[in-house]
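Engineer: Here you go, one structure.
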Amino acid sequence: MKSFLPGSTIGILGGGQLGRMLAQAAKPMGYKVLTLDPSENSPCGQVADLQIVAKFSDLIAAKEFSQKCEVATIEFENVDAKAVELIEKQGILVRPSSKVLHVTQNRLRQKEFLRGIGIGTANFRKIGKEGRRSNSKDATKIELQFPAILKTASLGYDGKGQWIIANGKEVQKIVLKNQGVEFILEEKVDFQKEISIVGARGVDGKIVVYPVSENVHKNGILDTTIVPAGISRKIEIEAQKIIKKIAVKFDYVGVLCVEMFLLQNGKLLVNEIAPRTHNSGHYSIDACKVSQFEQQVRAVCGIKLEKPQLQSACCMANILGDGSGNVLKGTEKLLLEKNVYLHLYGKTDAKKNRKMGHFTVLAKTPKLAFEKAQKLRKYLKWAKK
Ligand code: ATP
Ligand code: MG
């Protein structure tokens with residue numbers, strides 16, 4: 001069992017906010033951080049000790065990356081699989097491994113994996129590149145009901161690359177406009193709630209799980225998370241069983257998150273697996289003894305994992321850009337509030353729907369935290385100057 005002691009350099013593939021918060025957890029633990037990202041002034045690059053500015057497909061940069069770190073992880077799952085394999089070939093452990101990333105990078109492979117280990121998902125079909133329904137024997141045999149959601153099989157995030165579909169003709173149109181792209185068509189699930197669970201598996205196989213989050217999305221983008229979720233103990237245990245099964249079957253090392261739909265009949269279906277820390281786990285920075293980011297450092301470096309220990313009910317609210325300006329006004333109101341914690345990611349261009357930051361409110365109950373978050377949000381406004 002290989003472990004990496006303080007003083008070692010953790011390489012992070014990706015330079016976004018998840019990498020930034022990972023670096024912010026790693027540094028007080030005595031680790032150095034290297035990041036690789038295509039943009040100059042990435043959120044993680046701003047706080048990392050070292051950065052390489054290059055495309056994820058740049059194999060020379062991947063080699064340089066492996067020479068400058070002792071162990072590696074990802075904060076963005078769509079890094080080039082070839083680059084990850086090359087890093088592994090250079091003798092650097094990537095946690096989670098390229099094998100896991102190969103499955104999770106593609107929505108079809110992911111859903112086939114889940115079905116293969118007996119975990120329920122929305123009914124789905126592969127839509128071949130030519131626009132016809134594929135005969136893939138792995139895809140579910142059940143006829144799909146409309147409305148459905150068409151998603152690109154790879155490279156989607158924050159609801160990008162998704163279309164709500166009313167009938168088969170609409171599918172054809174979109175596929176014809178996007179020649180050469182592989183799609184998945186999923187039945188639209190009539191869910192009661194969306195929940196997610198973050199967990200980590202260490203090199204010794206020990207798994208720790210975070211309390212289940214209850215998530216509200218707007219326009220396919222996470223808006224708020226409350227913890228603990230308003231679900232029964234039975235459903236919580238079921239969610240824990242699901243994440244543990246996935247982690248074991250993958251022989252996973254690192255942090256992962258499983259997004260789920262809670263159906264009207266109380267059943268859980270998995271929406272997707274994120275092979276990394278997750279936006280719905282950001283609450284753990286301020287509401288848990290061990291955040292998802294510290295847990296990632298522990299798992300990746302081979303240190304014993306620690307129970308998260310939720311300290312308070314809470315609500316995490318995302319701060320998105322709206323395209324009206326790059327200066328965020330009103331933060332002083334939040335900074336004065338007790339039990340409110342602001343996190344901005346250092347992004348300069350507040351494009352519409354871009355995740356710019358978040359804040360977490362701790363309160364007696366999730367409902368009180370949610371209500372306070374809604375009130376505080378009104379103070380935040382984007383402006384030109
Ligand atoms: P992210 O990276 O932010 O998790 P994503 O682009 O990977 O998003 P999904 O998680 O697949 O996208 O979808 C985003 C949201 O759209 C879901 O959280 C859910 O609210 C809704 N959604 C996606 N698929 C379905 C479905 N089959 N039925 C009902 N709602 C869905
Ligand atoms: Mg999702």
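Quick note on naming: the chains in the structure tokens go A, B, ... in the order shown, residues restart at 1 in each chain, and ligands are numbered from 1 in order of appearance.
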Using only C-alpha atoms and all ligand atoms, find each residue with an atom at most 9 Å away from ligand 2 and format the answer as a PDB file with C-alpha atoms, in the first residue's frame.

Structural biologist:
ATOM      1  CA  TYR A 157     -21.582  19.072 -17.987  1.00  0.00           C
ATOM      2  CA  ASP A 158     -23.950  21.467 -16.211  1.00  0.00           C
ATOM      3  CA  GLY A 159     -26.746  20.394 -18.546  1.00  0.00           C
ATOM      4  CA  GLY A 220     -29.893  21.536 -15.649  1.00  0.00           C
ATOM      5  CA  ILE A 221     -27.472  23.306 -13.270  1.00  0.00           C
ATOM      6  CA  LEU A 222     -27.248  22.694  -9.542  1.00  0.00           C
ATOM      7  CA  VAL A 258     -23.429   9.398  -7.186  1.00  0.00           C
ATOM      8  CA  GLU A 259     -26.385  11.512  -8.351  1.00  0.00           C
ATOM      9  CA  MET A 260     -29.749   9.814  -7.953  1.00  0.00           C
ATOM     10  CA  ASN A 271     -28.521   9.513 -12.786  1.00  0.00           C
ATOM     11  CA  GLU A 272     -24.758   9.646 -12.993  1.00  0.00           C
ATOM     12  CA  ILE A 273     -21.451   8.913 -11.314  1.00  0.00           C
ATOM     13  CA  ALA A 274     -18.897  11.703 -10.925  1.00  0.00           C
TER      14      ALA A 274
END

Engineer: Based on DSSP run over this structure's backbone, return all residues of range 62-215 of chain A in strand (DSSP E or B), as a tab-separated table (two decimals) with N, CA and C atoms, in the first residue's frame.

Structural biologist:
chain	number	residue	atom	x	y	z
A	71	VAL	N	2.02	11.80	-7.05
A	71	VAL	CA	0.76	11.07	-7.18
A	71	VAL	C	-0.21	12.04	-7.86
A	72	ALA	N	-1.22	11.48	-8.54
A	72	ALA	CA	-2.10	12.38	-9.30
A	72	ALA	C	-3.56	12.05	-9.10
A	73	THR	N	-4.37	13.07	-9.34
A	73	THR	CA	-5.82	12.89	-9.30
A	73	THR	C	-6.44	13.82	-10.33
A	74	ILE	N	-7.77	13.79	-10.42
A	74	ILE	CA	-8.46	14.64	-11.39
A	74	ILE	C	-9.47	15.52	-10.68
A	93	LEU	N	0.84	7.01	-9.94
A	93	LEU	CA	-0.50	6.50	-9.66
A	93	LEU	C	-1.51	7.61	-9.89
A	94	VAL	N	-2.53	7.34	-10.69
A	94	VAL	CA	-3.62	8.30	-10.87
A	94	VAL	C	-4.82	7.70	-10.12
A	106	ASN	N	-18.12	8.30	-20.45
A	106	ASN	CA	-19.12	8.09	-21.49
A	106	ASN	C	-20.43	7.64	-20.83
A	121	THR	N	-31.21	2.47	-13.54
A	121	THR	CA	-31.02	3.79	-14.18
A	121	THR	C	-32.30	4.08	-14.96
A	124	PHE	N	-32.81	3.71	-21.28
A	124	PHE	CA	-32.02	4.47	-22.24
A	124	PHE	C	-31.77	3.68	-23.51
A	125	ARG	N	-31.40	4.41	-24.54
A	125	ARG	CA	-31.00	3.81	-25.82
A	125	ARG	C	-29.77	4.53	-26.31
A	126	LYS	N	-28.93	3.74	-26.95
A	126	LYS	CA	-27.82	4.37	-27.65
A	126	LYS	C	-28.37	4.89	-28.97
A	127	ILE	N	-28.00	6.11	-29.33
A	127	ILE	CA	-28.39	6.62	-30.64
A	127	ILE	C	-27.10	6.68	-31.46
A	133	ARG	N	-31.64	4.38	-34.12
A	133	ARG	CA	-31.48	3.69	-32.84
A	133	ARG	C	-30.46	2.57	-33.04
A	148	ALA	N	-38.39	12.43	-23.48
A	148	ALA	CA	-37.10	11.84	-23.15
A	148	ALA	C	-36.04	12.94	-23.20
A	149	ILE	N	-34.85	12.60	-22.76
A	149	ILE	CA	-33.76	13.58	-22.82
A	149	ILE	C	-32.64	13.00	-23.68
A	150	LEU	N	-32.26	13.78	-24.67
A	150	LEU	CA	-31.14	13.37	-25.52
A	150	LEU	C	-29.89	14.05	-24.98
A	151	LYS	N	-28.85	13.25	-24.75
A	151	LYS	CA	-27.60	13.82	-24.21
A	151	LYS	C	-26.44	13.33	-25.07
A	152	THR	N	-25.45	14.19	-25.25
A	152	THR	CA	-24.25	13.70	-25.90
A	152	THR	C	-23.64	12.66	-24.96
A	154	SER	N	-20.64	11.87	-24.44
A	154	SER	CA	-19.47	12.32	-23.68
A	154	SER	C	-19.38	13.85	-23.70
A	162	GLN	N	-27.61	18.81	-23.94
A	162	GLN	CA	-28.84	18.06	-23.61
A	162	GLN	C	-30.06	18.73	-24.23
A	163	TRP	N	-30.99	17.89	-24.70
A	163	TRP	CA	-32.22	18.40	-25.30
A	163	TRP	C	-33.41	17.59	-24.76
A	164	ILE	N	-34.47	18.29	-24.42
A	164	ILE	CA	-35.70	17.57	-24.04
A	164	ILE	C	-36.44	17.24	-25.32
A	165	ILE	N	-36.85	16.00	-25.44
A	165	ILE	CA	-37.36	15.49	-26.71
A	165	ILE	C	-38.80	15.01	-26.55
A	183	PHE	N	-24.84	9.76	-29.10
A	183	PHE	CA	-25.82	10.25	-28.12
A	183	PHE	C	-26.40	9.12	-27.29
A	184	ILE	N	-26.97	9.52	-26.17
A	184	ILE	CA	-27.79	8.60	-25.38
A	184	ILE	C	-29.16	9.26	-25.28
A	185	LEU	N	-30.18	8.46	-25.46
A	185	LEU	CA	-31.55	8.97	-25.29
A	185	LEU	C	-32.10	8.30	-24.02
A	186	GLU	N	-32.48	9.15	-23.06
A	186	GLU	CA	-32.95	8.62	-21.78
A	186	GLU	C	-34.40	9.02	-21.56
A	187	GLU	N	-35.15	8.14	-20.97
A	187	GLU	CA	-36.51	8.54	-20.57
A	187	GLU	C	-36.43	9.63	-19.52
A	191	PHE	N	-39.30	12.36	-11.11
A	191	PHE	CA	-38.78	12.13	-9.76
A	191	PHE	C	-39.47	12.98	-8.70
A	192	GLN	N	-39.37	12.47	-7.47
A	192	GLN	CA	-39.90	13.18	-6.31
A	192	GLN	C	-38.86	14.18	-5.84
A	193	LYS	N	-37.61	13.72	-5.84
A	193	LYS	CA	-36.49	14.52	-5.38
A	193	LYS	C	-35.23	14.08	-6.11
A	194	GLU	N	-34.27	15.00	-6.18
A	194	GLU	CA	-32.94	14.60	-6.63
A	194	GLU	C	-32.04	14.60	-5.41
A	195	ILE	N	-31.29	13.53	-5.26
A	195	ILE	CA	-30.35	13.45	-4.14
A	195	ILE	C	-28.99	13.03	-4.67
A	196	SER	N	-27.98	13.21	-3.85
A	196	SER	CA	-26.66	12.71	-4.23
A	196	SER	C	-25.92	12.31	-2.97
A	197	ILE	N	-24.94	11.48	-3.19
A	197	ILE	CA	-24.13	11.04	-2.04
A	197	ILE	C	-22.66	11.04	-2.45
A	198	VAL	N	-21.86	11.64	-1.61
A	198	VAL	CA	-20.41	11.67	-1.83
A	198	VAL	C	-19.79	10.62	-0.92
A	199	GLY	N	-18.77	9.97	-1.42
A	199	GLY	CA	-18.07	8.98	-0.60
A	199	GLY	C	-16.62	8.90	-1.03
A	200	ALA	N	-15.84	8.20	-0.25
A	200	ALA	CA	-14.43	8.01	-0.62
A	200	ALA	C	-14.03	6.59	-0.28
A	201	ARG	N	-13.14	6.04	-1.10
A	201	ARG	CA	-12.58	4.72	-0.79
A	201	ARG	C	-11.07	4.86	-0.73
A	207	ILE	N	-14.29	2.44	3.15
A	207	ILE	CA	-15.16	3.43	2.49
A	207	ILE	C	-15.79	4.33	3.55
A	208	VAL	N	-15.78	5.63	3.33
A	208	VAL	CA	-16.56	6.53	4.19
A	208	VAL	C	-17.57	7.24	3.29
A	209	VAL	N	-18.75	7.50	3.85
A	209	VAL	CA	-19.77	8.19	3.07
A	209	VAL	C	-20.23	9.45	3.79
A	213	SER	N	-27.24	14.45	0.24
A	213	SER	CA	-27.65	15.83	-0.08
A	213	SER	C	-28.94	15.81	-0.87
A	214	GLU	N	-29.76	16.81	-0.66
A	214	GLU	CA	-30.97	16.98	-1.49
A	214	GLU	C	-30.73	18.18	-2.39
A	215	ASN	N	-30.86	17.95	-3.69
A	215	ASN	CA	-30.43	18.96	-4.66
A	215	ASN	C	-31.57	19.51	-5.49

Engineer: When distances are computed from only C-alpha atoms and all ligand atoms, which of A:Arg95, A:Lys372, A:Lys384, A:His217 shows the smallest separation from ligand 1?

Structural biologist: A:His217

Engineer: Report as a ChimeraX atom specification all protein, DNA and RNA residues lying within 8 Å of Leu269 in chain A, evaluated on only C-alpha atoms, omitting residues in the same chain fewer than 4 positions from it.

Structural biologist: /A:119-122,260-263

Engineer: I'd like the neighbourhood of range 300-303 of chain A as a PyMOL selection string, where a residue qualifies if any of its atoms comes within 10 Å (using only C-alpha atoms), though same-chain residues fewer than 2 positions away should be ignored.

Structural biologist: chain A and resi 1-6+8-10+31+70-73+93-96+200-204+253-255+294-298+305-306

Engineer: Save the residues we just selected, N, CA and C atoms, as a CSV table (one decimal), in the first residue's frame?

Structural biologist:
chain,number,residue,atom,x,y,z
A,1,MET,N,0.8,-1.2,0.0
A,1,MET,CA,0.0,0.0,0.0
A,1,MET,C,0.9,1.2,0.0
A,2,LYS,N,0.9,1.9,-1.1
A,2,LYS,CA,1.8,3.1,-1.2
A,2,LYS,C,1.1,4.3,-0.6
A,3,SER,N,1.8,5.0,0.3
A,3,SER,CA,1.3,6.3,0.7
A,3,SER,C,2.3,7.4,0.5
A,4,PHE,N,1.8,8.6,0.4
A,4,PHE,CA,2.6,9.8,0.1
A,4,PHE,C,2.5,10.7,1.3
A,5,LEU,N,3.7,11.1,1.8
A,5,LEU,CA,3.7,11.9,3.0
A,5,LEU,C,3.7,13.4,2.7
A,6,PRO,N,3.4,14.2,3.7
A,6,PRO,CA,3.5,15.6,3.5
A,6,PRO,C,4.8,16.0,2.9
A,8,SER,N,5.1,15.8,-0.3
A,8,SER,CA,4.9,15.3,-1.7
A,8,SER,C,4.1,16.2,-2.5
A,9,THR,N,4.2,16.1,-3.8
A,9,THR,CA,3.4,17.0,-4.7
A,9,THR,C,2.3,16.2,-5.3
A,10,ILE,N,1.0,16.7,-5.1
A,10,ILE,CA,-0.1,16.1,-5.7
A,10,ILE,C,-0.4,16.8,-7.1
A,31,TYR,N,1.1,19.4,1.8
A,31,TYR,CA,1.3,18.9,0.4
A,31,TYR,C,1.6,20.1,-0.5
A,70,GLU,N,4.2,13.4,-7.5
A,70,GLU,CA,4.4,12.0,-7.0
A,70,GLU,C,3.2,11.2,-7.1
A,71,VAL,N,2.0,11.8,-7.1
A,71,VAL,CA,0.8,11.1,-7.2
A,71,VAL,C,-0.2,12.0,-7.9
A,72,ALA,N,-1.2,11.5,-8.5
A,72,ALA,CA,-2.1,12.4,-9.3
A,72,ALA,C,-3.6,12.0,-9.1
A,73,THR,N,-4.4,13.1,-9.3
A,73,THR,CA,-5.8,12.9,-9.3
A,73,THR,C,-6.4,13.8,-10.3
A,93,LEU,N,0.8,7.0,-9.9
A,93,LEU,CA,-0.5,6.5,-9.7
A,93,LEU,C,-1.5,7.6,-9.9
A,94,VAL,N,-2.5,7.3,-10.7
A,94,VAL,CA,-3.6,8.3,-10.9
A,94,VAL,C,-4.8,7.7,-10.1
A,95,ARG,N,-5.4,8.5,-9.2
A,95,ARG,CA,-6.5,8.0,-8.4
A,95,ARG,C,-7.6,8.9,-8.5
A,96,PRO,N,-8.8,8.5,-9.1
A,96,PRO,CA,-9.1,7.2,-9.7
A,96,PRO,C,-8.3,6.9,-11.0
A,200,ALA,N,-15.8,8.2,-0.2
A,200,ALA,CA,-14.4,8.0,-0.6
A,200,ALA,C,-14.0,6.6,-0.3
A,201,ARG,N,-13.1,6.0,-1.1
A,201,ARG,CA,-12.6,4.7,-0.8
A,201,ARG,C,-11.1,4.9,-0.7
A,202,GLY,N,-10.5,4.3,0.3
A,202,GLY,CA,-9.1,4.5,0.5
A,202,GLY,C,-8.3,3.3,-0.1
A,203,VAL,N,-7.0,3.4,-0.1
A,203,VAL,CA,-6.2,2.3,-0.6
A,203,VAL,C,-6.4,1.0,0.1
A,204,ASP,N,-6.8,1.1,1.4
A,204,ASP,CA,-7.0,-0.1,2.2
A,204,ASP,C,-8.4,-0.7,1.9
A,253,VAL,N,-10.2,4.2,-5.9
A,253,VAL,CA,-9.4,4.9,-4.8
A,253,VAL,C,-9.6,6.4,-5.1
A,254,GLY,N,-10.2,7.1,-4.1
A,254,GLY,CA,-10.4,8.5,-4.3
A,254,GLY,C,-11.9,8.9,-3.8
A,255,VAL,N,-12.3,10.1,-4.2
A,255,VAL,CA,-13.6,10.6,-3.9
A,255,VAL,C,-14.5,10.4,-5.1
A,294,GLU,N,-10.5,17.4,1.7
A,294,GLU,CA,-9.5,16.8,2.6
A,294,GLU,C,-9.6,15.3,2.4
A,295,GLN,N,-10.8,14.8,2.3
A,295,GLN,CA,-10.9,13.3,2.1
A,295,GLN,C,-10.3,12.9,0.8
A,296,GLN,N,-10.3,13.7,-0.2
A,296,GLN,CA,-9.7,13.4,-1.5
A,296,GLN,C,-8.2,13.3,-1.3
A,297,VAL,N,-7.6,14.3,-0.5
A,297,VAL,CA,-6.2,14.3,-0.3
A,297,VAL,C,-5.8,13.0,0.5
A,298,ARG,N,-6.6,12.7,1.5
A,298,ARG,CA,-6.4,11.4,2.3
A,298,ARG,C,-6.4,10.2,1.4
A,305,LEU,N,-8.7,7.2,5.9
A,305,LEU,CA,-9.9,8.1,5.8
A,305,LEU,C,-10.5,8.3,7.1
A,306,GLU,N,-11.2,9.4,7.2
A,306,GLU,CA,-11.9,9.8,8.5
A,306,GLU,C,-13.3,10.1,8.2

Engineer: Measuring between only C-alpha atoms, which one of A:Ala383, A:Ile117, A:Leu22, A:Leu268 shows the shortest distance to Gly323 in chain A?

Structural biologist: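 Selected residue with least distance to Gly323 in chain A: A:Ala383.
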
Engineer: Please compute the CA of Lys206 in chain A-CA of Lys304 in chain A distance, one decimal, in Å.

Structural biologist: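 It comes out at 8.3 Å.
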
Engineer: Separation of CA of Ile12 in chain A and CA of Ile246 in chain A, in Å?

Structural biologist: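 So the answer is 23.0 Å.
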
Engineer: Point out the residue among A:Leu368, A:Leu108, A:Leu376, A:Leu256 with the least atom-to-atom distance to Glu332 in chain A, counting only C-alpha atoms.

Structural biologist: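 Of A:Leu368, A:Leu108, A:Leu376, A:Leu256, the one nearest Glu332 in chain A, counting only C-alpha atoms, is A:Leu376.
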
Engineer: Mind checking which residues fall within 10 Å of Asn78 in chain A, counting only C-alpha atoms, ignoring those fewer than 2 positions away in the same chain, and posting them as a list in words?

Structural biologist: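 Within the cut-off, the hits are Leu13, Gly14, Phe56, Ile74, Glu75, Phe76, Asp80, Ala81, Leu101, His102, Thr104, Gln105, Asn106, Ser154, Leu155, Gly156 and Tyr157 of chain A.
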
Engineer: Would you write out those residues with C-alpha atoms, as a PDB file, in the first residue's frame?

Structural biologist:
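So selection.pdb came out as:
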ATOM      1  CA  LEU A  13      -5.568  17.210 -13.841  1.00  0.00           C
ATOM      2  CA  GLY A  14      -7.858  20.179 -14.366  1.00  0.00           C
ATOM      3  CA  PHE A  56      -5.430  17.873 -21.834  1.00  0.00           C
ATOM      4  CA  ILE A  74      -8.457  14.635 -11.392  1.00  0.00           C
ATOM      5  CA  GLU A  75     -10.858  17.456 -10.782  1.00  0.00           C
ATOM      6  CA  PHE A  76     -12.374  17.262 -14.268  1.00  0.00           C
ATOM      7  CA  ASP A  80      -7.861  12.879 -22.277  1.00  0.00           C
ATOM      8  CA  ALA A  81      -7.782   9.145 -21.488  1.00  0.00           C
ATOM      9  CA  LEU A 101     -12.306   7.235 -16.146  1.00  0.00           C
ATOM     10  CA  HIS A 102     -12.807   5.245 -19.346  1.00  0.00           C
ATOM     11  CA  THR A 104     -17.351   7.271 -16.396  1.00  0.00           C
ATOM     12  CA  GLN A 105     -16.379   9.542 -19.319  1.00  0.00           C
ATOM     13  CA  ASN A 106     -19.117   8.092 -21.489  1.00  0.00           C
ATOM     14  CA  SER A 154     -19.473  12.323 -23.684  1.00  0.00           C
ATOM     15  CA  LEU A 155     -18.192  15.776 -22.726  1.00  0.00           C
ATOM     16  CA  GLY A 156     -21.453  17.189 -21.275  1.00  0.00           C
ATOM     17  CA  TYR A 157     -21.582  19.072 -17.987  1.00  0.00           C
TER      18      TYR A 157
END

Engineer: For a quick check of understanding, using only C-alpha atoms, which of A:Gly116, A:Gly11, A:Gly45, A:Gly161 has the smallest distance to Gly346 in chain A?

Structural biologist: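 Ranked by minimum distance to Gly346 in chain A, first place goes to A:Gly45.
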
Engineer: Given the choices A:Ile226, A:Val47, A:Leu362, A:Val216, which gets closest to ligand 1 if the distance is worked out from only C-alpha atoms and all ligand atoms?

Structural biologist: A:Val216

Engineer: Any chance you could list, as a PyMOL selection string, the residues in range 33-113 of chain A that come up helix (DSSP H, G or I) when DSSP is run on the backbone?

Structural biologist: chain A and resi 59-68+81-89+98-104+107-113

Engineer: Return the single residue from A:Lys364, A:Lys249, A:Lys111, A:Lys338 that is closest to ligand 1, with distances computed using only C-alpha atoms and all ligand atoms.

Structural biologist: A:Lys111

Engineer: Find the residues near Asn326 in chain A: any atom within 8 Å, counting only C-alpha atoms, skip ones fewer than 4 places away on the same chain, and give them as a ChimeraX atom specification.

Structural biologist: /A:321,348-350,382-385

Engineer: If I take CA of Thr360 in chain A and CA of Arg377 in chain A, how far is one from the other in Å, to one decimal?

Structural biologist: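 That distance, rounded to one decimal, is 11.0 Å.
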
Engineer: Do you know which residues are at most 9 Å from Pro308 in chain A counting only C-alpha atoms, after dropping those on the same chain fewer than 3 positions away, and could you put them as a PyMOL selection string?

Structural biologist: chain A and resi 208-211+284+288-292+295

Engineer: Go ahead and save the picked residues with C-alpha atoms, as a compact mmCIF listing (two decimals), in the first residue's frame.

Structural biologist:
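Contents of part-v4.txt, freshly written:
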# COMPACT_ATOMS: atom_id res chain seq x y z
CA VAL A 208 -16.56 6.53 4.19
CA VAL A 209 -19.77 8.19 3.07
CA TYR A 210 -21.13 11.69 3.53
CA PRO A 211 -24.70 12.47 4.55
CA SER A 284 -18.78 19.61 3.69
CA CYS A 288 -18.29 18.69 8.32
CA LYS A 289 -15.20 17.96 10.33
CA VAL A 290 -13.55 16.48 7.24
CA SER A 291 -14.45 18.08 3.90
CA GLN A 292 -14.76 16.12 0.66
CA GLN A 295 -10.94 13.31 2.11
